[in-house]
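File shown here: entry05.txt, holding compact mmCIF, C-alpha atoms and all ligand atoms.
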# COMPACT_ATOMS: atom_id res chain seq x y z
CA MET A 1 7.34 -26.45 37.11
CA ARG A 2 6.13 -24.20 34.31
CA LYS A 3 8.63 -21.83 32.71
CA HIS A 4 8.69 -18.12 33.30
CA ILE A 5 9.05 -16.47 29.91
CA VAL A 6 9.88 -12.90 29.00
CA ALA A 7 9.40 -12.41 25.27
CA GLY A 8 10.28 -9.23 23.37
CA ASN A 9 7.98 -8.38 20.47
CA TRP A 10 9.89 -5.80 18.42
CA LYS A 11 6.94 -5.33 16.04
CA MET A 12 7.87 -3.37 12.88
CA ASN A 13 10.80 -1.48 14.37
CA LYS A 14 14.55 -1.09 13.74
CA THR A 15 16.72 -1.11 10.63
CA PHE A 16 19.21 -3.95 10.17
CA ASN A 17 22.09 -2.11 11.85
CA GLU A 18 19.93 -1.00 14.75
CA ALA A 19 18.70 -4.56 15.21
CA ASP A 20 22.26 -5.86 15.09
CA ASP A 21 23.29 -3.35 17.77
CA LEU A 22 20.37 -4.29 20.02
CA VAL A 23 21.06 -8.04 19.76
CA ASN A 24 24.72 -7.46 20.58
CA GLU A 25 23.88 -5.25 23.54
CA LEU A 26 21.37 -7.82 24.81
CA MET A 27 23.91 -10.64 24.61
CA GLU A 28 26.62 -8.62 26.28
CA LYS A 29 24.34 -7.62 29.12
CA LEU A 30 22.74 -11.05 29.49
CA GLU A 31 26.19 -12.49 30.07
CA SER A 32 26.49 -10.48 33.27
CA THR A 33 22.81 -10.68 34.31
CA GLU A 34 21.72 -13.14 36.99
CA LEU A 35 18.52 -14.62 35.61
CA ASP A 36 16.41 -17.04 37.57
CA PRO A 37 17.25 -20.46 36.05
CA ASN A 38 13.55 -21.05 35.35
CA THR A 39 13.28 -17.84 33.29
CA LEU A 40 13.49 -18.04 29.54
CA VAL A 41 14.16 -14.99 27.38
CA VAL A 42 12.70 -14.97 23.85
CA VAL A 43 13.48 -12.30 21.25
CA CYS A 44 11.00 -11.82 18.38
CA PRO A 45 12.50 -9.52 15.72
CA PRO A 46 10.98 -8.86 12.27
CA PHE A 47 11.40 -11.70 9.73
CA PRO A 48 14.46 -10.27 7.91
CA TYR A 49 16.48 -10.25 11.15
CA LEU A 50 15.60 -13.74 12.38
CA GLU A 51 18.66 -15.41 10.98
CA MET A 52 21.07 -12.81 12.31
CA THR A 53 19.40 -12.95 15.72
CA SER A 54 19.43 -16.72 15.91
CA ASP A 55 23.02 -16.97 14.64
CA TYR A 56 24.16 -14.68 17.43
CA SER A 57 22.15 -16.24 20.20
CA ASP A 58 22.93 -19.86 19.40
CA ASP A 59 20.20 -20.56 22.01
CA SER A 60 22.67 -19.89 24.80
CA TYR A 61 21.42 -16.44 25.74
CA PHE A 62 17.89 -16.37 24.44
CA MET A 63 15.50 -18.23 22.18
CA VAL A 64 14.30 -16.65 18.97
CA GLY A 65 10.70 -16.21 17.87
CA ALA A 66 8.91 -14.93 14.77
CA GLN A 67 6.02 -12.47 15.00
CA ASN A 68 3.77 -14.19 12.46
CA VAL A 69 3.50 -17.25 10.21
CA SER A 70 1.40 -18.36 7.27
CA ASP A 71 -1.61 -20.59 7.87
CA GLN A 72 -0.68 -22.50 4.69
CA GLU A 73 1.98 -25.16 4.22
CA SER A 74 3.75 -23.90 1.06
CA GLY A 75 3.20 -22.69 -2.50
CA ALA A 76 1.73 -19.68 -4.25
CA TYR A 77 1.17 -17.34 -1.29
CA THR A 78 3.20 -14.27 -2.24
CA GLY A 79 4.69 -12.47 0.74
CA GLU A 80 3.98 -15.22 3.26
CA VAL A 81 6.47 -17.08 5.47
CA SER A 82 5.77 -20.72 6.34
CA ALA A 83 6.29 -22.68 9.53
CA ALA A 84 8.50 -25.07 7.54
CA MET A 85 10.79 -22.13 6.67
CA LEU A 86 10.99 -21.06 10.31
CA GLU A 87 11.69 -24.65 11.36
CA SER A 88 14.50 -24.90 8.80
CA MET A 89 16.07 -21.78 10.36
CA GLU A 90 15.82 -23.29 13.84
CA ILE A 91 13.40 -20.67 15.11
CA ASP A 92 11.85 -21.79 18.39
CA TYR A 93 8.73 -19.68 18.97
CA CYS A 94 6.15 -17.71 17.01
CA ILE A 95 3.58 -15.15 18.13
CA VAL A 96 0.07 -15.84 16.80
CA GLY A 97 -3.19 -13.91 17.07
CA HIS A 98 -1.66 -10.65 18.25
CA SER A 99 -4.39 -8.01 18.57
CA GLU A 100 -2.67 -5.87 15.91
CA ARG A 101 -2.95 -8.76 13.44
CA ARG A 102 -6.55 -9.39 14.48
CA ALA A 103 -7.46 -5.70 14.08
CA TYR A 104 -5.48 -4.70 10.97
CA TYR A 105 -5.10 -7.95 9.02
CA GLY A 106 -8.34 -9.78 9.78
CA GLU A 107 -6.75 -12.61 11.75
CA THR A 108 -9.73 -14.59 13.07
CA ASP A 109 -9.75 -17.41 15.61
CA GLU A 110 -10.09 -19.86 12.69
CA ILE A 111 -6.90 -18.47 11.12
CA VAL A 112 -5.19 -18.56 14.53
CA ALA A 113 -6.16 -22.25 14.82
CA ARG A 114 -4.64 -23.05 11.40
CA LYS A 115 -1.44 -21.13 12.21
CA VAL A 116 -1.11 -22.98 15.51
CA ASP A 117 -1.50 -26.29 13.63
CA GLN A 118 1.22 -25.31 11.17
CA LEU A 119 3.59 -24.31 13.97
CA LEU A 120 3.07 -27.48 15.98
CA LYS A 121 3.46 -29.61 12.87
CA HIS A 122 6.86 -27.96 12.35
CA ASN A 123 8.01 -28.12 15.98
CA LEU A 124 7.66 -24.45 16.86
CA ARG A 125 6.00 -23.26 20.03
CA PRO A 126 3.11 -20.84 19.44
CA ILE A 127 2.72 -17.84 21.75
CA VAL A 128 -1.00 -17.31 21.31
CA CYS A 129 -2.37 -13.88 22.20
CA CYS A 130 -5.83 -13.19 23.53
CA GLY A 131 -7.46 -10.16 25.12
CA GLU A 132 -10.43 -7.84 25.06
CA VAL A 133 -10.79 -4.30 23.71
CA LEU A 134 -11.77 -1.42 26.01
CA GLU A 135 -15.45 -1.49 25.05
CA GLU A 136 -15.63 -5.19 25.93
CA ARG A 137 -13.97 -4.59 29.31
CA GLU A 138 -16.33 -1.70 30.02
CA GLY A 139 -19.27 -3.95 29.15
CA ASN A 140 -17.82 -6.65 31.47
CA ARG A 141 -17.54 -9.03 28.49
CA GLN A 142 -13.78 -9.69 28.85
CA PHE A 143 -14.19 -13.25 30.10
CA ASP A 144 -16.56 -14.25 27.26
CA VAL A 145 -14.22 -12.71 24.69
CA VAL A 146 -11.11 -14.45 25.99
CA LYS A 147 -12.96 -17.76 26.42
CA LYS A 148 -14.05 -17.68 22.78
CA GLN A 149 -10.53 -16.81 21.55
CA ILE A 150 -8.97 -19.66 23.54
CA THR A 151 -11.71 -22.18 22.73
CA ASP A 152 -11.89 -21.49 18.99
CA GLY A 153 -8.16 -20.94 18.52
CA LEU A 154 -6.77 -23.77 20.64
CA PHE A 155 -9.21 -26.31 22.01
CA HIS A 156 -9.16 -28.48 18.88
CA LEU A 157 -5.65 -29.57 20.00
CA SER A 158 -4.91 -32.80 21.85
CA ALA A 159 -3.51 -32.44 25.38
CA ASP A 160 -0.09 -33.42 24.04
CA GLU A 161 -0.19 -30.74 21.37
CA PHE A 162 -1.53 -28.15 23.79
CA SER A 163 1.39 -28.71 26.14
CA ASN A 164 3.62 -26.87 23.61
CA VAL A 165 1.48 -23.75 23.63
CA VAL A 166 2.27 -20.53 25.51
CA ILE A 167 -0.59 -18.08 26.09
CA ALA A 168 -0.26 -14.31 26.30
CA TYR A 169 -3.12 -12.34 27.81
CA GLU A 170 -2.93 -8.85 26.37
CA PRO A 171 -5.83 -6.52 27.14
CA VAL A 172 -5.93 -4.47 23.93
CA TRP A 173 -6.61 -1.25 25.84
CA ALA A 174 -3.23 -1.68 27.55
CA ILE A 175 -1.08 -2.28 24.46
CA GLY A 176 1.19 0.64 23.67
CA THR A 177 -1.06 3.00 25.62
CA GLY A 178 0.85 3.29 28.88
CA LYS A 179 -2.26 1.95 30.67
CA THR A 180 -1.49 -1.37 32.34
CA ALA A 181 -3.94 -3.84 33.78
CA THR A 182 -3.73 -3.76 37.57
CA PRO A 183 -2.02 -6.79 39.11
CA ASP A 184 -5.47 -7.92 40.31
CA GLN A 185 -7.03 -7.60 36.85
CA ALA A 186 -4.15 -9.60 35.36
CA GLN A 187 -4.30 -12.30 38.05
CA GLU A 188 -8.09 -12.60 37.72
CA MET A 189 -7.90 -13.19 33.96
CA HIS A 190 -4.86 -15.49 34.16
CA ALA A 191 -6.62 -17.65 36.77
CA PHE A 192 -9.72 -17.71 34.54
CA ILE A 193 -7.62 -18.88 31.56
CA ARG A 194 -5.84 -21.54 33.63
CA ASN A 195 -9.19 -22.79 34.83
CA LEU A 196 -10.48 -23.06 31.23
CA ILE A 197 -7.41 -25.14 30.39
CA ALA A 198 -7.93 -27.33 33.46
CA GLU A 199 -11.55 -27.99 32.51
CA LYS A 200 -10.52 -29.02 29.01
CA TYR A 201 -7.18 -30.79 29.56
CA GLY A 202 -6.96 -31.45 33.29
CA ASP A 203 -5.03 -29.87 36.14
CA GLU A 204 -1.58 -31.10 35.15
CA VAL A 205 -1.65 -29.52 31.69
CA ALA A 206 -3.12 -26.31 33.16
CA GLU A 207 -0.43 -26.11 35.85
CA ASN A 208 2.31 -26.58 33.24
CA THR A 209 1.04 -23.89 30.83
CA SER A 210 2.91 -20.58 30.87
CA ILE A 211 0.49 -17.65 30.71
CA LEU A 212 2.20 -14.31 29.98
CA TYR A 213 0.86 -10.81 30.50
CA GLY A 214 1.29 -8.15 27.82
CA GLY A 215 0.31 -4.51 27.57
CA SER A 216 2.52 -1.61 28.69
CA CYS A 217 4.64 -3.90 30.85
CA LYS A 218 7.66 -1.84 31.98
CA PRO A 219 10.56 -2.11 34.43
CA GLY A 220 8.45 -0.08 36.89
CA ASN A 221 5.44 -2.40 36.95
CA ALA A 222 6.82 -5.82 35.95
CA LYS A 223 7.64 -6.99 39.47
CA GLU A 224 4.12 -6.31 40.75
CA LEU A 225 2.52 -8.02 37.76
CA PHE A 226 4.80 -11.06 37.83
CA ALA A 227 4.31 -11.51 41.59
CA ASN A 228 0.86 -12.94 40.89
CA LYS A 229 0.72 -16.69 41.07
CA ASP A 230 -0.82 -17.18 37.63
CA VAL A 231 1.29 -14.60 35.78
CA ASP A 232 4.26 -16.45 34.33
CA GLY A 233 6.11 -13.62 32.62
CA GLY A 234 5.39 -11.09 29.91
CA LEU A 235 5.11 -10.34 26.22
CA ILE A 236 6.87 -7.02 25.95
CA GLY A 237 6.45 -4.55 23.09
CA GLY A 238 7.85 -1.03 23.45
CA ALA A 239 10.13 -1.82 26.40
CA SER A 240 11.79 -4.68 24.48
CA LEU A 241 13.41 -2.16 22.12
CA LYS A 242 15.81 -1.01 24.85
CA ALA A 243 18.20 -3.63 26.21
CA ASP A 244 18.27 -2.18 29.73
CA ASP A 245 14.48 -1.99 30.04
CA PHE A 246 13.97 -5.46 28.58
CA LEU A 247 16.53 -7.02 30.91
CA ALA A 248 15.14 -5.16 33.91
CA ILE A 249 11.77 -6.80 33.10
CA ALA A 250 13.41 -10.22 32.61
CA THR A 251 15.06 -10.03 36.02
CA ALA A 252 11.78 -8.94 37.65
P1 LIG B 301 3.50 -2.93 24.63
O1 LIG B 301 3.09 -4.09 23.60
O2 LIG B 301 4.40 -3.55 25.66
O3 LIG B 301 4.21 -1.90 23.80
O4 LIG B 301 2.24 -2.42 25.23
C1 LIG B 301 2.85 -5.39 24.02
C2 LIG B 301 2.50 -6.24 22.83
O5 LIG B 301 1.82 -5.75 21.92
O6 LIG B 301 2.88 -7.42 22.75

Could the structure of this file be written out as structure tokens, please?
Ligand code: PGA
Amino acid sequence: MRKHIVAGNWKMNKTFNEADDLVNELMEKLESTELDPNTLVVVCPPFPYLEMTSDYSDDSYFMVGAQNVSDQESGAYTGEVSAAMLESMEIDYCIVGHSERRAYYGETDEIVARKVDQLLKHNLRPIVCCGEVLEEREGNRQFDVVKKQITDGLFHLSADEFSNVVIAYEPVWAIGTGKTATPDQAQEMHAFIRNLIAEKYGDEVAENTSILYGGSCKPGNAKELFANKDVDGGLIGGASLKADDFLAIATA
């Protein structure tokens, strides 16, 4: 059975002390929270807080993920962080292809593909984001856009490699805007993505792939979204910065 995953993407938020407080609060509250045994919580803080977060969690409360990784192995790439570095710190997951990185830092599907290769080579699980902007949704081009992102970013992988990938569908018009996709819109796209995977890798791989929804997912709408059969959890931005909200989503 595929995992349900609730991953918190802190983005560029929190000072060290604030991050420390949030991790402690999360651990304390997770201890007394009844999570479904098939639900995995992943916390993705900024790079400088990865070690502190992973030291605390010790994998017993949540897994730790990075928000980005270099597409290169090592060497003269000032400011970059490699998959080998993350592996050596026992980081488990890494977000790739987030729409903010695509829009502000020119992350193309080709770069996404190279980052995914680096992560898999170093035993990290990529959480690969896809999703259309508002203009594409209004022009009914969302399926073409997502198909291209998935095909160009991921379909060079073998079935074995692909089985370590988590996908996050995040309609860009819903990220940080308070506008959420309706449960039907989310289900429709998640089923479309699962079908693409089935066509390429077969039904078993498709059935085992976790496909998360992201974009203004909150305690008030998480249950409805996650009730859909192809929605396997969420990638949570704003609401992951408050322990109570994040845990309310994880228990939904
Ligand atoms: P949001 O962000 O929950 O704040 O909309 C989601 C994301 O960007 O991953």

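Shell of A:Met27 at 9 Å, with all atoms listed in the file counted and residues fewer than 6 places along the chain excluded, is Tyr56, Ser57, Tyr61 and Phe62 of chain A.
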
Print the selection's residues with C-alpha atoms to a file, as a CSV table (one decimal), in the frame of the given file.
chain,number,residue,atom,x,y,z
A,56,TYR,CA,24.2,-14.7,17.4
A,57,SER,CA,22.2,-16.2,20.2
A,61,TYR,CA,21.4,-16.4,25.7
A,62,PHE,CA,17.9,-16.4,24.4

Practice task
Within 9 Å of ligand LIG 301 (chain B), which residues show up when you count all atoms listed in the file? List them as a ChimeraX atom specification, please.
Solution key: /A:7-11,98-100,129,168,170,172-180,213-218,234-240

Problem - Separation of atom CA of A:Thr39 from atom CA of A:Thr53 in Å - result: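 About the pair atom CA of A:Thr53 and atom CA of A:Thr39: they are 19.2 Å apart.
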
Practice task
Quote the spacing between atom CA of A:Phe162 and atom CA of A:Thr209 in Å to one decimal place.
Solution key: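 A separation of 8.6 Å between them.
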
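Among A:Met52, A:Leu40, A:Leu134, A:Ala76, the residue with the shortest atom-to-atom distance to A:Asn17, counting all atoms listed in the file, is A:Met52.
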
Problem - Among the residues A:Phe143, A:Phe246, A:Tyr77, A:Phe155, the one that comes closest to A:Ile193 [using all atoms listed in the file] - result: A:Phe143

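Interatomic distance, atom CA of A:His122 against atom CA of A:Asp109: 19.9 Å.
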
Problem - Using all atoms listed in the file: which of A:Arg114, A:His4, A:Arg101, A:Lys121 has the shortest distance to A:Ser210 - result: A:His4
